[in-house]
Amino acid sequence: MNRFILLVVVIVALVSCKPGTPEQYIQPDELEDILYDLHLAQGMVYQGDDYHQYDYNRALYYHAVLKKHGLTPAEFDSSMVYYYKRADRLEPIYKRVAKRLGEDAVNMGVSESEIGQYSQLSSSGDTANIWNGELSAVLMPYPMHNRLDFYMKADSTYKMGDTFMLNMMMDFHFQGGTKEVEGCLLLVYDNDSVACRTTRMSFSGFNQLRLQSDERHLVKEIKGYVYLGRGNEESTMLRLLFIRDIQLIRMHKQEEKKEEVDPMKTDSVARIDMTEDSLTEPADSQSRFGRALPVGGRRPGMEGSGPVPRRDIKLKTN
């Protein structure tokens, strides 16, 4: 009995002695608030249409957020490097940030950029959000943390010719170096053939992968990934990619509506009896050539050409 009590005491002591974040670094709760404010500022950067001002505005809002929290860029960067080496601590912080941003969007009834077009979609209907994974992720350029993979099976609501769009909001936190991010969307058909679309993603904000399926085969599986490459830079350089508001939109192909036509109009024709007698007009009448057509239906210069033959002409009427 005494041994059992001693074991419990040791376990409790070990749990309570779990190391926390050193005092010289930003604590988790405060870092959550800072990242939240940075994301709000990031959204303000892309509100305007002047692309040449993006870099300037991004730096301006970045320093404004740090000043609000009483931090210098060096202090913030050193803390991010600390969490960068401890992904198990950074990931839950960012998930809480993503949740707060999502709740804000719902409360306001809107969300950012093109994402807002599909924010209220369900998993069914002609246009549906079929994403079934986590809505956010943090990627770092080293194994186990550098890929976001997804896979799902198709169901009976899928149709031939469906279009699929992988949407996401991305935010780069890089001290420097090349932003080597690759996105992939892959469709597997019922005959095991595949269609694939890959693209490079190198800027913060809204990113999209779009792929239309074959009109002759049904999709049975959807796969894909977002991969953050390491590049040639030193591994100690801070390179973080925050992804949130992930969606996979499936849209049915719109069927062309055939215009209904009144069969009475299309089938009806007028028959005009073009005989020699029918071409006879009064002497003072004007032909389409601007002068009188002589009796007998012959124009000057047509003497001796014989009578005008009988012809039946079909004219379509509206």
# chains A, B, ... in the order shown; residues from 1 in each chain; ligands from 1
call {"tool": "residues_around", "arguments": {"residues": "Lys67 in chain A", "least_positions_apart": "5", "cutoff": "12 Å", "atoms": "only C-alpha atoms", "output": "NGL selection string"}}
result
:A and (34 or 37-38 or 60-62 or 72-73 or 75-76)
call {"tool": "write_last_selection", "arguments": {"atoms": "all heavy atoms", "output": "PDB file, in the first residue's frame"}}
result
ATOM      1  N   ILE A  34      -0.777  37.756 -29.869  1.00  0.00           N
ATOM      2  CA  ILE A  34       0.055  38.449 -30.871  1.00  0.00           C
ATOM      3  C   ILE A  34      -0.210  37.885 -32.269  1.00  0.00           C
ATOM      4  O   ILE A  34      -0.386  38.629 -33.233  1.00  0.00           O
ATOM      5  CB  ILE A  34       1.551  38.321 -30.508  1.00  0.00           C
ATOM      6  CG1 ILE A  34       1.828  39.049 -29.187  1.00  0.00           C
ATOM      7  CG2 ILE A  34       2.421  38.889 -31.626  1.00  0.00           C
ATOM      8  CD1 ILE A  34       3.227  38.814 -28.645  1.00  0.00           C
ATOM      9  N   ASP A  37      -3.550  39.093 -33.554  1.00  0.00           N
ATOM     10  CA  ASP A  37      -3.498  40.465 -34.053  1.00  0.00           C
ATOM     11  C   ASP A  37      -2.752  40.548 -35.378  1.00  0.00           C
ATOM     12  O   ASP A  37      -3.126  41.333 -36.265  1.00  0.00           O
ATOM     13  CB  ASP A  37      -2.825  41.379 -33.019  1.00  0.00           C
ATOM     14  CG  ASP A  37      -3.696  41.612 -31.791  1.00  0.00           C
ATOM     15  OD1 ASP A  37      -4.922  41.384 -31.889  1.00  0.00           O
ATOM     16  OD2 ASP A  37      -3.148  42.003 -30.735  1.00  0.00           O
ATOM     17  N   LEU A  38      -1.696  39.758 -35.524  1.00  0.00           N
ATOM     18  CA  LEU A  38      -0.942  39.762 -36.779  1.00  0.00           C
ATOM     19  C   LEU A  38      -1.803  39.282 -37.949  1.00  0.00           C
ATOM     20  O   LEU A  38      -1.713  39.808 -39.057  1.00  0.00           O
ATOM     21  CB  LEU A  38       0.310  38.897 -36.652  1.00  0.00           C
ATOM     22  CG  LEU A  38       1.473  39.501 -35.859  1.00  0.00           C
ATOM     23  CD1 LEU A  38       2.592  38.477 -35.685  1.00  0.00           C
ATOM     24  CD2 LEU A  38       2.010  40.749 -36.563  1.00  0.00           C
ATOM     25  N   LEU A  60       4.493  47.791 -42.090  1.00  0.00           N
ATOM     26  CA  LEU A  60       3.918  48.821 -41.223  1.00  0.00           C
ATOM     27  C   LEU A  60       3.018  48.209 -40.162  1.00  0.00           C
ATOM     28  O   LEU A  60       3.136  48.527 -38.960  1.00  0.00           O
ATOM     29  CB  LEU A  60       3.130  49.819 -42.086  1.00  0.00           C
ATOM     30  CG  LEU A  60       2.506  51.007 -41.343  1.00  0.00           C
ATOM     31  CD1 LEU A  60       3.586  51.912 -40.781  1.00  0.00           C
ATOM     32  CD2 LEU A  60       1.599  51.800 -42.289  1.00  0.00           C
ATOM     33  N   TYR A  61       2.109  47.314 -40.561  1.00  0.00           N
ATOM     34  CA  TYR A  61       1.192  46.687 -39.611  1.00  0.00           C
ATOM     35  C   TYR A  61       1.937  45.741 -38.668  1.00  0.00           C
ATOM     36  O   TYR A  61       1.572  45.604 -37.494  1.00  0.00           O
ATOM     37  CB  TYR A  61       0.099  45.923 -40.367  1.00  0.00           C
ATOM     38  CG  TYR A  61      -0.933  46.823 -41.002  1.00  0.00           C
ATOM     39  CD1 TYR A  61      -1.196  46.762 -42.368  1.00  0.00           C
ATOM     40  CD2 TYR A  61      -1.653  47.732 -40.246  1.00  0.00           C
ATOM     41  CE1 TYR A  61      -2.148  47.585 -42.957  1.00  0.00           C
ATOM     42  CE2 TYR A  61      -2.606  48.556 -40.815  1.00  0.00           C
ATOM     43  CZ  TYR A  61      -2.843  48.472 -42.175  1.00  0.00           C
ATOM     44  OH  TYR A  61      -3.791  49.293 -42.753  1.00  0.00           O
ATOM     45  N   TYR A  62       2.955  45.079 -39.179  1.00  0.00           N
ATOM     46  CA  TYR A  62       3.751  44.163 -38.348  1.00  0.00           C
ATOM     47  C   TYR A  62       4.377  44.911 -37.174  1.00  0.00           C
ATOM     48  O   TYR A  62       4.272  44.483 -36.009  1.00  0.00           O
ATOM     49  CB  TYR A  62       4.817  43.502 -39.220  1.00  0.00           C
ATOM     50  CG  TYR A  62       5.851  42.707 -38.470  1.00  0.00           C
ATOM     51  CD1 TYR A  62       5.563  41.432 -37.992  1.00  0.00           C
ATOM     52  CD2 TYR A  62       7.126  43.228 -38.250  1.00  0.00           C
ATOM     53  CE1 TYR A  62       6.519  40.701 -37.298  1.00  0.00           C
ATOM     54  CE2 TYR A  62       8.084  42.502 -37.570  1.00  0.00           C
ATOM     55  CZ  TYR A  62       7.780  41.237 -37.099  1.00  0.00           C
ATOM     56  OH  TYR A  62       8.728  40.513 -36.414  1.00  0.00           O
ATOM     57  N   THR A  72       9.973  44.224 -29.394  1.00  0.00           N
ATOM     58  CA  THR A  72      10.788  44.596 -30.536  1.00  0.00           C
ATOM     59  C   THR A  72      10.798  43.433 -31.526  1.00  0.00           C
ATOM     60  O   THR A  72      10.523  42.285 -31.142  1.00  0.00           O
ATOM     61  CB  THR A  72      12.228  44.905 -30.108  1.00  0.00           C
ATOM     62  OG1 THR A  72      12.828  43.708 -29.593  1.00  0.00           O
ATOM     63  CG2 THR A  72      12.254  46.003 -29.037  1.00  0.00           C
ATOM     64  N   PRO A  73      11.112  43.680 -32.793  1.00  0.00           N
ATOM     65  CA  PRO A  73      11.205  42.574 -33.755  1.00  0.00           C
ATOM     66  C   PRO A  73      12.194  41.503 -33.311  1.00  0.00           C
ATOM     67  O   PRO A  73      11.950  40.311 -33.532  1.00  0.00           O
ATOM     68  CB  PRO A  73      11.661  43.276 -35.042  1.00  0.00           C
ATOM     69  CG  PRO A  73      11.132  44.667 -34.926  1.00  0.00           C
ATOM     70  CD  PRO A  73      11.246  44.998 -33.463  1.00  0.00           C
ATOM     71  N   GLU A  75      12.927  40.578 -30.211  1.00  0.00           N
ATOM     72  CA  GLU A  75      12.319  39.768 -29.146  1.00  0.00           C
ATOM     73  C   GLU A  75      11.284  38.799 -29.708  1.00  0.00           C
ATOM     74  O   GLU A  75      11.214  37.640 -29.281  1.00  0.00           O
ATOM     75  CB  GLU A  75      11.674  40.693 -28.107  1.00  0.00           C
ATOM     76  CG  GLU A  75      12.673  41.503 -27.300  1.00  0.00           C
ATOM     77  CD  GLU A  75      12.007  42.545 -26.429  1.00  0.00           C
ATOM     78  OE1 GLU A  75      10.881  42.988 -26.770  1.00  0.00           O
ATOM     79  OE2 GLU A  75      12.596  42.940 -25.398  1.00  0.00           O
ATOM     80  N   PHE A  76      10.496  39.287 -30.649  1.00  0.00           N
ATOM     81  CA  PHE A  76       9.491  38.414 -31.246  1.00  0.00           C
ATOM     82  C   PHE A  76      10.154  37.291 -32.036  1.00  0.00           C
ATOM     83  O   PHE A  76       9.747  36.120 -31.934  1.00  0.00           O
ATOM     84  CB  PHE A  76       8.572  39.231 -32.151  1.00  0.00           C
ATOM     85  CG  PHE A  76       7.534  38.413 -32.863  1.00  0.00           C
ATOM     86  CD1 PHE A  76       6.443  37.890 -32.169  1.00  0.00           C
ATOM     87  CD2 PHE A  76       7.636  38.146 -34.218  1.00  0.00           C
ATOM     88  CE1 PHE A  76       5.482  37.123 -32.817  1.00  0.00           C
ATOM     89  CE2 PHE A  76       6.676  37.389 -34.873  1.00  0.00           C
ATOM     90  CZ  PHE A  76       5.605  36.873 -34.172  1.00  0.00           C
TER      91      PHE A  76
END
call {"tool": "residues_around", "arguments": {"residues": "range 178-188 of chain A", "least_positions_apart": "6", "cutoff": "6 Å", "atoms": "only C-alpha atoms", "output": "list in words"}}
result
Val194, Ala195, Cys196, Arg197, Thr198, Thr199, Arg200, Met201, Ser202, Val219, Lys220, Glu221, Ile222, Lys223, Gly224, Tyr225, Val226, Tyr227, Leu228 and Gly229 of chain A
call {"tool": "select_by_dssp", "arguments": {"residues": "range 23-195 of chain A", "states": "strand (DSSP E)", "output": "compact mmCIF listing (two decimals) with all heavy atoms, in the first residue's frame"}}
result
# COMPACT_ATOMS: atom_id res chain seq x y z
N THR A 127 -23.14 22.65 -55.21
CA THR A 127 -21.84 23.20 -54.81
C THR A 127 -21.68 22.94 -53.32
O THR A 127 -22.47 23.42 -52.51
CB THR A 127 -21.77 24.71 -55.11
OG1 THR A 127 -22.00 24.94 -56.50
CG2 THR A 127 -20.42 25.27 -54.72
N ALA A 128 -20.65 22.17 -52.95
CA ALA A 128 -20.52 21.71 -51.56
C ALA A 128 -19.08 21.78 -51.10
O ALA A 128 -18.14 21.63 -51.89
CB ALA A 128 -21.04 20.28 -51.44
N ASN A 129 -18.91 22.03 -49.82
CA ASN A 129 -17.59 21.97 -49.19
C ASN A 129 -17.41 20.58 -48.60
O ASN A 129 -18.03 20.24 -47.58
CB ASN A 129 -17.47 23.04 -48.10
CG ASN A 129 -16.11 23.03 -47.42
OD1 ASN A 129 -15.17 22.40 -47.90
ND2 ASN A 129 -16.01 23.72 -46.30
N ALA A 137 -3.35 24.45 -40.08
CA ALA A 137 -2.12 23.67 -39.93
C ALA A 137 -0.94 24.63 -39.85
O ALA A 137 -1.00 25.77 -40.31
CB ALA A 137 -1.94 22.70 -41.09
N VAL A 138 0.15 24.14 -39.27
CA VAL A 138 1.41 24.87 -39.21
C VAL A 138 2.48 23.98 -39.85
O VAL A 138 2.65 22.83 -39.44
CB VAL A 138 1.82 25.21 -37.76
CG1 VAL A 138 3.14 25.99 -37.76
CG2 VAL A 138 0.74 25.99 -37.06
N LEU A 139 3.17 24.52 -40.85
CA LEU A 139 4.22 23.75 -41.53
C LEU A 139 5.58 24.37 -41.27
O LEU A 139 5.73 25.60 -41.23
CB LEU A 139 3.97 23.69 -43.04
CG LEU A 139 2.66 23.04 -43.51
CD1 LEU A 139 2.63 22.94 -45.03
CD2 LEU A 139 2.46 21.67 -42.87
N ARG A 147 4.58 18.73 -44.27
CA ARG A 147 3.54 18.34 -45.22
C ARG A 147 2.16 18.34 -44.56
O ARG A 147 2.02 17.96 -43.39
CB ARG A 147 3.79 16.93 -45.78
CG ARG A 147 4.89 16.85 -46.80
CD ARG A 147 5.07 15.40 -47.24
NE ARG A 147 3.89 14.89 -47.92
CZ ARG A 147 3.83 14.70 -49.23
NH1 ARG A 147 4.86 14.98 -49.99
NH2 ARG A 147 2.74 14.22 -49.79
N LEU A 148 1.20 18.77 -45.34
CA LEU A 148 -0.21 18.61 -44.98
C LEU A 148 -0.81 17.69 -46.04
O LEU A 148 -0.97 18.07 -47.20
CB LEU A 148 -0.93 19.96 -44.98
CG LEU A 148 -2.46 19.90 -44.91
CD1 LEU A 148 -2.93 19.29 -43.59
CD2 LEU A 148 -3.07 21.28 -45.10
N ASP A 149 -1.11 16.45 -45.67
CA ASP A 149 -1.67 15.46 -46.59
C ASP A 149 -3.15 15.27 -46.33
O ASP A 149 -3.60 15.36 -45.18
CB ASP A 149 -0.94 14.12 -46.45
CG ASP A 149 0.51 14.20 -46.88
OD1 ASP A 149 0.77 14.16 -48.09
OD2 ASP A 149 1.40 14.30 -46.00
N PHE A 150 -3.90 14.97 -47.38
CA PHE A 150 -5.32 14.68 -47.21
C PHE A 150 -5.75 13.60 -48.20
O PHE A 150 -5.13 13.41 -49.25
CB PHE A 150 -6.17 15.94 -47.40
CG PHE A 150 -6.05 16.60 -48.75
CD1 PHE A 150 -6.89 16.25 -49.79
CD2 PHE A 150 -5.08 17.58 -48.97
CE1 PHE A 150 -6.79 16.85 -51.03
CE2 PHE A 150 -4.97 18.19 -50.21
CZ PHE A 150 -5.83 17.83 -51.23
N TYR A 151 -6.80 12.90 -47.81
CA TYR A 151 -7.34 11.80 -48.62
C TYR A 151 -8.81 11.62 -48.27
O TYR A 151 -9.19 11.72 -47.10
CB TYR A 151 -6.59 10.50 -48.33
CG TYR A 151 -7.26 9.26 -48.88
CD1 TYR A 151 -7.08 8.87 -50.21
CD2 TYR A 151 -8.09 8.49 -48.07
CE1 TYR A 151 -7.71 7.75 -50.71
CE2 TYR A 151 -8.73 7.36 -48.57
CZ TYR A 151 -8.53 7.00 -49.90
OH TYR A 151 -9.17 5.89 -50.40
N MET A 152 -9.63 11.38 -49.27
CA MET A 152 -11.04 11.09 -49.02
C MET A 152 -11.61 10.27 -50.17
O MET A 152 -11.13 10.35 -51.31
CB MET A 152 -11.84 12.37 -48.83
CG MET A 152 -11.86 13.31 -50.01
SD MET A 152 -12.69 14.87 -49.62
CE MET A 152 -11.56 15.56 -48.42
N LYS A 153 -12.62 9.48 -49.84
CA LYS A 153 -13.30 8.67 -50.83
C LYS A 153 -14.54 9.40 -51.33
O LYS A 153 -15.21 10.09 -50.57
CB LYS A 153 -13.69 7.31 -50.24
CG LYS A 153 -12.51 6.36 -50.05
CD LYS A 153 -13.00 4.97 -49.65
CE LYS A 153 -11.84 4.00 -49.54
NZ LYS A 153 -12.31 2.62 -49.19
N THR A 163 -16.14 19.80 -60.85
CA THR A 163 -14.96 20.64 -60.66
C THR A 163 -14.61 20.69 -59.18
O THR A 163 -15.50 20.83 -58.33
CB THR A 163 -15.19 22.06 -61.19
OG1 THR A 163 -15.42 22.00 -62.60
CG2 THR A 163 -13.98 22.95 -60.93
N PHE A 164 -13.31 20.57 -58.85
CA PHE A 164 -12.85 20.58 -57.46
C PHE A 164 -11.89 21.75 -57.26
O PHE A 164 -11.01 22.01 -58.10
CB PHE A 164 -12.15 19.26 -57.13
CG PHE A 164 -13.06 18.07 -57.22
CD1 PHE A 164 -13.19 17.40 -58.43
CD2 PHE A 164 -13.78 17.61 -56.13
CE1 PHE A 164 -14.03 16.29 -58.54
CE2 PHE A 164 -14.62 16.52 -56.24
CZ PHE A 164 -14.74 15.87 -57.45
N MET A 165 -12.07 22.45 -56.13
CA MET A 165 -11.21 23.58 -55.80
C MET A 165 -10.70 23.44 -54.36
O MET A 165 -11.50 23.33 -53.43
CB MET A 165 -11.97 24.91 -55.95
CG MET A 165 -12.43 25.21 -57.35
SD MET A 165 -13.15 26.87 -57.51
CE MET A 165 -14.46 26.79 -56.29
N LEU A 166 -9.39 23.44 -54.20
CA LEU A 166 -8.77 23.42 -52.88
C LEU A 166 -8.42 24.86 -52.53
O LEU A 166 -7.55 25.47 -53.15
CB LEU A 166 -7.52 22.55 -52.88
CG LEU A 166 -6.75 22.47 -51.56
CD1 LEU A 166 -7.60 21.81 -50.47
CD2 LEU A 166 -5.45 21.69 -51.74
N ASN A 167 -9.12 25.42 -51.54
CA ASN A 167 -8.93 26.82 -51.12
C ASN A 167 -8.29 26.87 -49.74
O ASN A 167 -8.57 26.03 -48.88
CB ASN A 167 -10.27 27.56 -51.08
CG ASN A 167 -10.96 27.58 -52.42
OD1 ASN A 167 -10.33 27.51 -53.46
ND2 ASN A 167 -12.29 27.68 -52.40
N MET A 168 -7.49 27.89 -49.51
CA MET A 168 -6.89 28.08 -48.19
C MET A 168 -6.33 29.50 -48.07
O MET A 168 -5.99 30.14 -49.07
CB MET A 168 -5.77 27.06 -47.95
CG MET A 168 -4.57 27.21 -48.86
SD MET A 168 -3.46 25.79 -48.75
CE MET A 168 -4.41 24.58 -49.66
N MET A 169 -6.24 29.96 -46.83
CA MET A 169 -5.54 31.20 -46.51
C MET A 169 -4.16 30.83 -45.98
O MET A 169 -4.04 29.98 -45.09
CB MET A 169 -6.30 32.02 -45.47
CG MET A 169 -7.68 32.50 -45.93
SD MET A 169 -7.60 33.67 -47.30
CE MET A 169 -6.74 35.04 -46.53
N MET A 170 -3.11 31.46 -46.53
CA MET A 170 -1.74 31.15 -46.14
C MET A 170 -1.06 32.40 -45.62
O MET A 170 -1.27 33.50 -46.14
CB MET A 170 -0.98 30.56 -47.33
CG MET A 170 -1.59 29.30 -47.89
SD MET A 170 -0.75 28.66 -49.38
CE MET A 170 0.86 28.29 -48.72
N ASP A 171 -0.21 32.20 -44.61
CA ASP A 171 0.53 33.32 -44.02
C ASP A 171 1.97 32.85 -43.76
O ASP A 171 2.19 31.94 -42.97
CB ASP A 171 -0.14 33.77 -42.72
CG ASP A 171 0.48 35.04 -42.17
OD1 ASP A 171 1.27 35.68 -42.89
OD2 ASP A 171 0.17 35.40 -41.02
N PHE A 172 2.92 33.48 -44.45
CA PHE A 172 4.33 33.12 -44.30
C PHE A 172 4.98 33.97 -43.21
O PHE A 172 4.83 35.19 -43.20
CB PHE A 172 5.08 33.35 -45.61
CG PHE A 172 4.72 32.38 -46.71
CD1 PHE A 172 3.67 32.66 -47.57
CD2 PHE A 172 5.42 31.19 -46.87
CE1 PHE A 172 3.34 31.79 -48.59
CE2 PHE A 172 5.09 30.31 -47.88
CZ PHE A 172 4.05 30.61 -48.74
N HIS A 173 5.71 33.30 -42.33
CA HIS A 173 6.57 33.97 -41.35
C HIS A 173 7.99 33.49 -41.61
O HIS A 173 8.45 32.51 -41.05
CB HIS A 173 6.13 33.66 -39.92
CG HIS A 173 4.90 34.40 -39.48
ND1 HIS A 173 4.93 35.67 -38.96
CD2 HIS A 173 3.59 34.06 -39.52
CE1 HIS A 173 3.71 36.07 -38.67
NE2 HIS A 173 2.87 35.11 -39.01
N PHE A 174 8.68 34.21 -42.49
CA PHE A 174 10.03 33.83 -42.91
C PHE A 174 11.01 34.94 -42.53
O PHE A 174 10.74 36.12 -42.78
CB PHE A 174 10.08 33.64 -44.44
CG PHE A 174 9.68 32.28 -44.90
CD1 PHE A 174 8.53 31.67 -44.43
CD2 PHE A 174 10.44 31.59 -45.83
CE1 PHE A 174 8.14 30.42 -44.86
CE2 PHE A 174 10.07 30.34 -46.28
CZ PHE A 174 8.91 29.75 -45.80
N VAL A 181 6.90 26.35 -51.63
CA VAL A 181 5.68 25.64 -51.25
C VAL A 181 5.02 25.08 -52.51
O VAL A 181 4.83 25.80 -53.49
CB VAL A 181 4.69 26.57 -50.51
CG1 VAL A 181 3.44 25.80 -50.11
CG2 VAL A 181 5.35 27.17 -49.29
N GLU A 182 4.68 23.80 -52.45
CA GLU A 182 4.01 23.15 -53.58
C GLU A 182 2.69 22.57 -53.12
O GLU A 182 2.61 21.90 -52.10
CB GLU A 182 4.89 22.04 -54.16
CG GLU A 182 4.25 21.34 -55.36
CD GLU A 182 5.14 20.25 -55.93
OE1 GLU A 182 5.96 20.57 -56.81
OE2 GLU A 182 5.03 19.10 -55.47
N GLY A 183 1.64 22.84 -53.89
CA GLY A 183 0.33 22.27 -53.62
C GLY A 183 -0.04 21.28 -54.70
O GLY A 183 0.30 21.47 -55.87
N CYS A 184 -0.73 20.21 -54.33
CA CYS A 184 -1.10 19.16 -55.28
C CYS A 184 -2.53 18.71 -55.02
O CYS A 184 -2.92 18.50 -53.86
CB CYS A 184 -0.15 17.97 -55.18
SG CYS A 184 -0.63 16.55 -56.19
N LEU A 185 -3.31 18.56 -56.09
CA LEU A 185 -4.67 18.02 -56.03
C LEU A 185 -4.76 16.91 -57.06
O LEU A 185 -4.48 17.14 -58.25
CB LEU A 185 -5.69 19.12 -56.33
CG LEU A 185 -7.17 18.72 -56.27
CD1 LEU A 185 -7.54 18.22 -54.88
CD2 LEU A 185 -8.05 19.92 -56.64
N LEU A 186 -5.13 15.70 -56.62
CA LEU A 186 -5.12 14.52 -57.48
C LEU A 186 -6.45 13.79 -57.41
O LEU A 186 -6.98 13.56 -56.32
CB LEU A 186 -3.97 13.58 -57.08
CG LEU A 186 -3.72 12.36 -57.96
CD1 LEU A 186 -2.21 12.09 -58.06
CD2 LEU A 186 -4.43 11.13 -57.41
N LEU A 187 -6.99 13.43 -58.57
CA LEU A 187 -8.24 12.69 -58.67
C LEU A 187 -7.97 11.30 -59.22
O LEU A 187 -7.25 11.14 -60.20
CB LEU A 187 -9.23 13.41 -59.60
CG LEU A 187 -9.52 14.89 -59.32
CD1 LEU A 187 -10.46 15.45 -60.38
CD2 LEU A 187 -10.08 15.07 -57.92
N VAL A 188 -8.55 10.28 -58.58
CA VAL A 188 -8.46 8.90 -59.05
C VAL A 188 -9.83 8.49 -59.56
O VAL A 188 -10.82 8.59 -58.84
CB VAL A 188 -8.00 7.95 -57.93
CG1 VAL A 188 -7.87 6.53 -58.47
CG2 VAL A 188 -6.67 8.41 -57.34
N TYR A 189 -9.88 8.01 -60.83
CA TYR A 189 -11.16 7.66 -61.46
C TYR A 189 -11.50 6.19 -61.25
O TYR A 189 -10.67 5.39 -60.77
CB TYR A 189 -11.11 7.98 -62.95
CG TYR A 189 -10.95 9.45 -63.24
CD1 TYR A 189 -9.76 9.94 -63.77
CD2 TYR A 189 -11.98 10.35 -62.99
CE1 TYR A 189 -9.61 11.29 -64.05
CE2 TYR A 189 -11.84 11.70 -63.27
CZ TYR A 189 -10.64 12.17 -63.79
OH TYR A 189 -10.50 13.50 -64.06
N VAL A 194 -5.68 8.66 -63.43
CA VAL A 194 -5.59 9.79 -62.51
C VAL A 194 -5.49 11.10 -63.29
O VAL A 194 -5.06 11.14 -64.45
CB VAL A 194 -4.37 9.66 -61.57
CG1 VAL A 194 -4.46 8.42 -60.72
CG2 VAL A 194 -3.07 9.68 -62.37
N ALA A 195 -5.90 12.17 -62.62
CA ALA A 195 -5.71 13.54 -63.10
C ALA A 195 -5.08 14.32 -61.97
O ALA A 195 -5.48 14.17 -60.80
CB ALA A 195 -7.03 14.17 -63.53
call {"tool": "residues_around", "arguments": {"residues": "range 95-101 of chain A", "least_positions_apart": "2", "cutoff": "10 Å", "atoms": "only C-alpha atoms", "output": "MDAnalysis selection string"}}
result
chainID A and resid 29 31:37 39:40 90:93 103:107 111 134:138 242:245
call {"tool": "residues_around", "arguments": {"residues": "Tyr25 in chain A", "least_positions_apart": "2", "cutoff": "12 Å", "atoms": "only C-alpha atoms", "output": "PyMOL selection string"}}
result
chain A and resi 20-23+27-31+71+74-83
call {"tool": "residues_around", "arguments": {"residues": "Lys159 in chain A", "least_positions_apart": "6", "cutoff": "10 Å", "atoms": "only C-alpha atoms", "output": "list in words"}}
result
Asp126, Ser213, Asp214, Glu215, Arg216, His217, Leu218, Val219, Arg250, Met251, His252 and Lys253 of chain A
call {"tool": "select_by_dssp", "arguments": {"residues": "range 27-241 of chain A", "states": "helix (DSSP H, G or I)", "output": "ChimeraX atom specification"}}
result
/A:28-45,51-68,73-84,87-108,113-118
call {"tool": "closest_residue", "arguments": {"among": "A:His69, A:Gly176, A:Arg86, A:Gly43", "to": "Ser204 in chain A", "atoms": "only C-alpha atoms"}}
result
A:Gly43
